[in-house]
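Colleague: Mind looking over this structure? Questions follow.
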Number of protein chains: 2
Amino acid sequence: MTAQDQKLLTDCSDCPIRHRAVCSRCEPNELDLLESMKYYRSFEAGQTVVWSGDRMDFVGSVVSGVATLTQTMEDGRTQMVGLLLPSDFIGRPGRDSSPYDVVAVTDVVMCCFRRAPFETLITETPHVAQRLLQMTLDDLDAAREWMLVLGRKTAREKIASLLLIIARRDSALQGGTGLGPVSFDLPLTREAMADYLGLTLETVSRQISALRKAGVISLEGKRHVTIPDIAALMEEAADDADGGFLV
Amino acid sequence: MTAQDQKLLTDCSDCPIRHRAVCSRCEPNELDLLESMKYYRSFEAGQTVVWSGDRMDFVGSVVSGVATLTQTMEDGRTQMVGLLLPSDFIGRPGRDSSPYDVVAVTDVVMCCFRRAPFETLITETPHVAQRLLQMTLDDLDAAREWMLVLGRKTAREKIASLLLIIARRDSALQGGTGLGPVSFDLPLTREAMADYLGLTLETVSRQISALRKAGVISLEGKRHVTIPDIAALMEEAADDADGGFLV
DNA sequence: GCCACCGGTTGATCTGCATCAAGGACTGTC
DNA sequence: GACAGTCCTTGATGCAGATCAACCGGTGGC
């Protein structure tokens with residue numbers, strides 16, 4: 001870890017997710033309080049952050065990296081139910097265990113708070129509670145959007161929809177223009193994409209190849225994707241034009 | 001409307017959803033404020049409450065009846081993304097239009113607040129905001145549970161899962177024991193069930209017949225369902241035993 | 001009393017994706 | 001330099017659920 005990284009990890013005012021996370025609405029004095037409570041945790045790619053059903057005595061935000069929320073049935077079928085990107089929040093006030101597995105898919109740094117103090121905090125600092133409500137409503141909208149994908153879209157449309165989501169989140173974070181070619185690394189394996197989309201990994205692989213052959217996307221290696229024409233990809237995703245370029 | 005009904009519709013202290021809705025945490029003085037702001041709206045079965053994209057200048061709770069939240073793609077494919085039962089909340093503070101169609105599937109009575117005053121209210125009465133956060137987190141969990149159903153369950157498991165959800169919500173409202181045979185009316189048509197489950201109405205019909213022939217459920221007419229053995233239905237739904245008999 | 005319509009059931013056939021199977025590219029290890 | 005392991009691709013085949021189609025029963029209009 002460089003000295004620069006270390007600074008980012010100690011001073012809230014330099015935090016890369018300062019303007020998007022639960023703390024984004026805080027007044028300076030509230031931020032001081034959070035600053036004194038917070039601690040950082042790091043997870044390596046592949047490491048499980050919390051197991052479904054296990055006790056969870058902290059809540060927190062993803063600072064960097066990507067994690068997933070998954071549910072698994074007794075016979076092993078698994079469905080991803082959330083993709084946690086930087087600034088996303090994990091944990092629920094008022095509940096002491098996670099109903100989902102939380103897994104780091106890349107190296108992840110989280111900004112954490114112990115659950116009990118955080119719970120008293122949200123009853124007392126309205127700006128945190130308000131921001132948490134807003135973020136939860138956004139998550140709910142995203143989940144409902146995803147229900148349409150899972151329930152009604154074809155395999156090809158599902159892949160296009162996932163690529164769009166990642167492209168949008170990515171460019172929102174990088175501050176891209178939203179115009180011209182977009183390029184990013186897929187943070188997920190084919191299998192993880194399959195779990196997100198309710199498909200098999202073979203189908204994911206075939207549909208990515210199909211989109212490549214159709215010229216809708218191009219690949220360098222297996223993970224780096226370039227989208228020459230976002231509108232064409234939206235067409236493939238059967239996305240309504242609304243939603244635009246926002247997350 | 002009988003005099004009794006009229007009373008239920010004017011006095012919060014007798015309201016059937018008093019202990020579950022957004023107002024359930026309110027202190028008496030907060031409740032007085034809400035009482036003075038609220039107004040009732042009725043919708044007939046089949047009537048659209050709000051169209052997707054339309055301006056929505058109120059928020060509110062379902063007092064009685066059942067409504068649905070649906071998304072429709074340009075080519076007509078539709079996916080239900082929420083089932084609104086009594087005490088459920090509609091509308092989002094900070095947004096002036098609905099991203100979903102809201103449709104009454106039975107006659108519905110709603111307890112409404114104009115959006116602007118409600119928004120100022122939630123910044124000032126923490127108990128409403130806290131309850132709204134809790135309800136939104138519950139909705140998010142329900143949506144994620146549903147993602148597993150949509151993404152990974154078979155048609156038969158989907159039907160069993162839906163029947164379980166309705167049975168649970170129903171018995172929670174009626175205060176049933178959770179043991180012994182359970183019996184209820186389906187509020188949804190076969191087509192609406194198909195839209196909820198990401199199936200066609202023919203498949204819904206076939207799977208209901210199959211569950212009936214297998215003795216897992218019995219039907220009187222097309223809508224009244226009796227479940228002789230809840231555990232057997234849970235088996236069919238491939239539900240983990242957790243979740244138990246709560247909503 | 002006739003007809004139209006709506007919600008539902010059931011049958012025949014088709015098809016998109018799952019499943020089963022083989023092998024390639026790359027990485028790290030000894 | 002051989003190897004094992006991980007991630008991915010591609011091909012062959014099977015099947016669950018979609019699609020197309022016919023028909024049933026109840027209900028409301030006139």
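Going through the structure tokens in order, the chains are called A, B, and so on, while each chain numbers its residues from 1 and the ligands are numbered from 1 in the order shown.
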What residues in chain D have any atom no more than 12 Å from chain B when counting only C-alpha atoms (C1' of nucleotides), and can you write them as a list in words?
Modeller: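 Applying the cut-off to the listed atoms yields DA16, DG17, DA18, DT19, DC20, DG25 and DG26 of chain D.
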Colleague: Leaving out region 9-14 of chain D and any residue of its chain fewer than 4 positions from it, which residues lie within 9 Å of it when counting only C-alpha atoms (C1' of nucleotides), given as a PyMOL selection string?
Modeller: (chain A and resi 202+205-206+209) or (chain C and resi 18-24)
Colleague: Take the residues that were just selected and, keeping C-alpha atoms (C1' of nucleotides), output them as a PDB file, in the first residue's frame.
Modeller:
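Ended up saving to selection34.pdb:
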ATOM      1  CA  GLU A 202     -21.919 -22.041 -21.245  1.00  0.00           C
ATOM      2  CA  SER A 205     -19.951 -17.693 -23.078  1.00  0.00           C
ATOM      3  CA  ARG A 206     -21.946 -18.403 -26.244  1.00  0.00           C
ATOM      4  CA  SER A 209     -19.263 -14.706 -28.520  1.00  0.00           C
TER       5      SER A 209
ATOM      6  C1'  DA C  18     -29.595 -26.644 -20.107  1.00  0.00           C
ATOM      7  C1'  DT C  19     -26.874 -30.498 -19.984  1.00  0.00           C
ATOM      8  C1'  DC C  20     -23.137 -33.439 -21.179  1.00  0.00           C
ATOM      9  C1'  DA C  21     -18.686 -33.570 -23.133  1.00  0.00           C
ATOM     10  C1'  DA C  22     -14.184 -32.341 -25.006  1.00  0.00           C
ATOM     11  C1'  DG C  23     -10.509 -29.413 -25.410  1.00  0.00           C
ATOM     12  C1'  DG C  24      -7.774 -24.727 -25.524  1.00  0.00           C
TER      13       DG C  24
END
Colleague: Contacts of Val50 (chain B) at 8 Å or less, counting only C-alpha atoms (C1' of nucleotides), minus same-chain residues fewer than 4 places along, as a ChimeraX atom specification?
Modeller: /B:54,56,98,100-103
Colleague: Please save N, CA, C and O atoms of the selected residues as a PDB file, in the first residue's frame.
Modeller:
ATOM      1  N   ASP B  54     -45.877   8.554 -15.465  1.00  0.00           N
ATOM      2  CA  ASP B  54     -46.764   9.677 -15.181  1.00  0.00           C
ATOM      3  C   ASP B  54     -46.388  10.379 -13.879  1.00  0.00           C
ATOM      4  O   ASP B  54     -45.808   9.787 -12.984  1.00  0.00           O
ATOM      5  N   MET B  56     -46.788  11.781 -10.308  1.00  0.00           N
ATOM      6  CA  MET B  56     -47.459  11.185  -9.165  1.00  0.00           C
ATOM      7  C   MET B  56     -47.299  12.147  -8.010  1.00  0.00           C
ATOM      8  O   MET B  56     -46.204  12.274  -7.461  1.00  0.00           O
ATOM      9  N   SER B  98     -43.798   7.748 -11.228  1.00  0.00           N
ATOM     10  CA  SER B  98     -43.630   6.336 -10.920  1.00  0.00           C
ATOM     11  C   SER B  98     -42.926   5.642 -12.070  1.00  0.00           C
ATOM     12  O   SER B  98     -43.275   5.854 -13.226  1.00  0.00           O
ATOM     13  N   TYR B 100     -43.167   2.542 -12.526  1.00  0.00           N
ATOM     14  CA  TYR B 100     -43.951   1.327 -12.748  1.00  0.00           C
ATOM     15  C   TYR B 100     -45.422   1.669 -12.946  1.00  0.00           C
ATOM     16  O   TYR B 100     -45.894   2.706 -12.497  1.00  0.00           O
ATOM     17  N   ASP B 101     -46.136   0.773 -13.618  1.00  0.00           N
ATOM     18  CA  ASP B 101     -47.583   0.847 -13.595  1.00  0.00           C
ATOM     19  C   ASP B 101     -48.069   0.300 -12.261  1.00  0.00           C
ATOM     20  O   ASP B 101     -47.602  -0.751 -11.814  1.00  0.00           O
ATOM     21  N   VAL B 102     -48.991   1.005 -11.640  1.00  0.00           N
ATOM     22  CA  VAL B 102     -49.631   0.500 -10.424  1.00  0.00           C
ATOM     23  C   VAL B 102     -51.088   0.229 -10.768  1.00  0.00           C
ATOM     24  O   VAL B 102     -51.799   1.129 -11.222  1.00  0.00           O
ATOM     25  N   VAL B 103     -51.518  -1.020 -10.609  1.00  0.00           N
ATOM     26  CA  VAL B 103     -52.869  -1.409 -11.010  1.00  0.00           C
ATOM     27  C   VAL B 103     -53.588  -2.080  -9.852  1.00  0.00           C
ATOM     28  O   VAL B 103     -53.027  -2.972  -9.194  1.00  0.00           O
TER      29      VAL B 103
END
Colleague: Tell me which of B:Asp185, B:Glu236, B:Glu124, B:Glu191 sits closest to chain A, counting only C-alpha atoms.
Modeller: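 The answer is B:Glu124, which sits nearest to chain A.
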Colleague: Just to confirm, what's the straight-line distance from CA of Ile217 (chain A) to CA of Leu148 (chain A) in Å (one decimal)?
Modeller: 23.0 Å
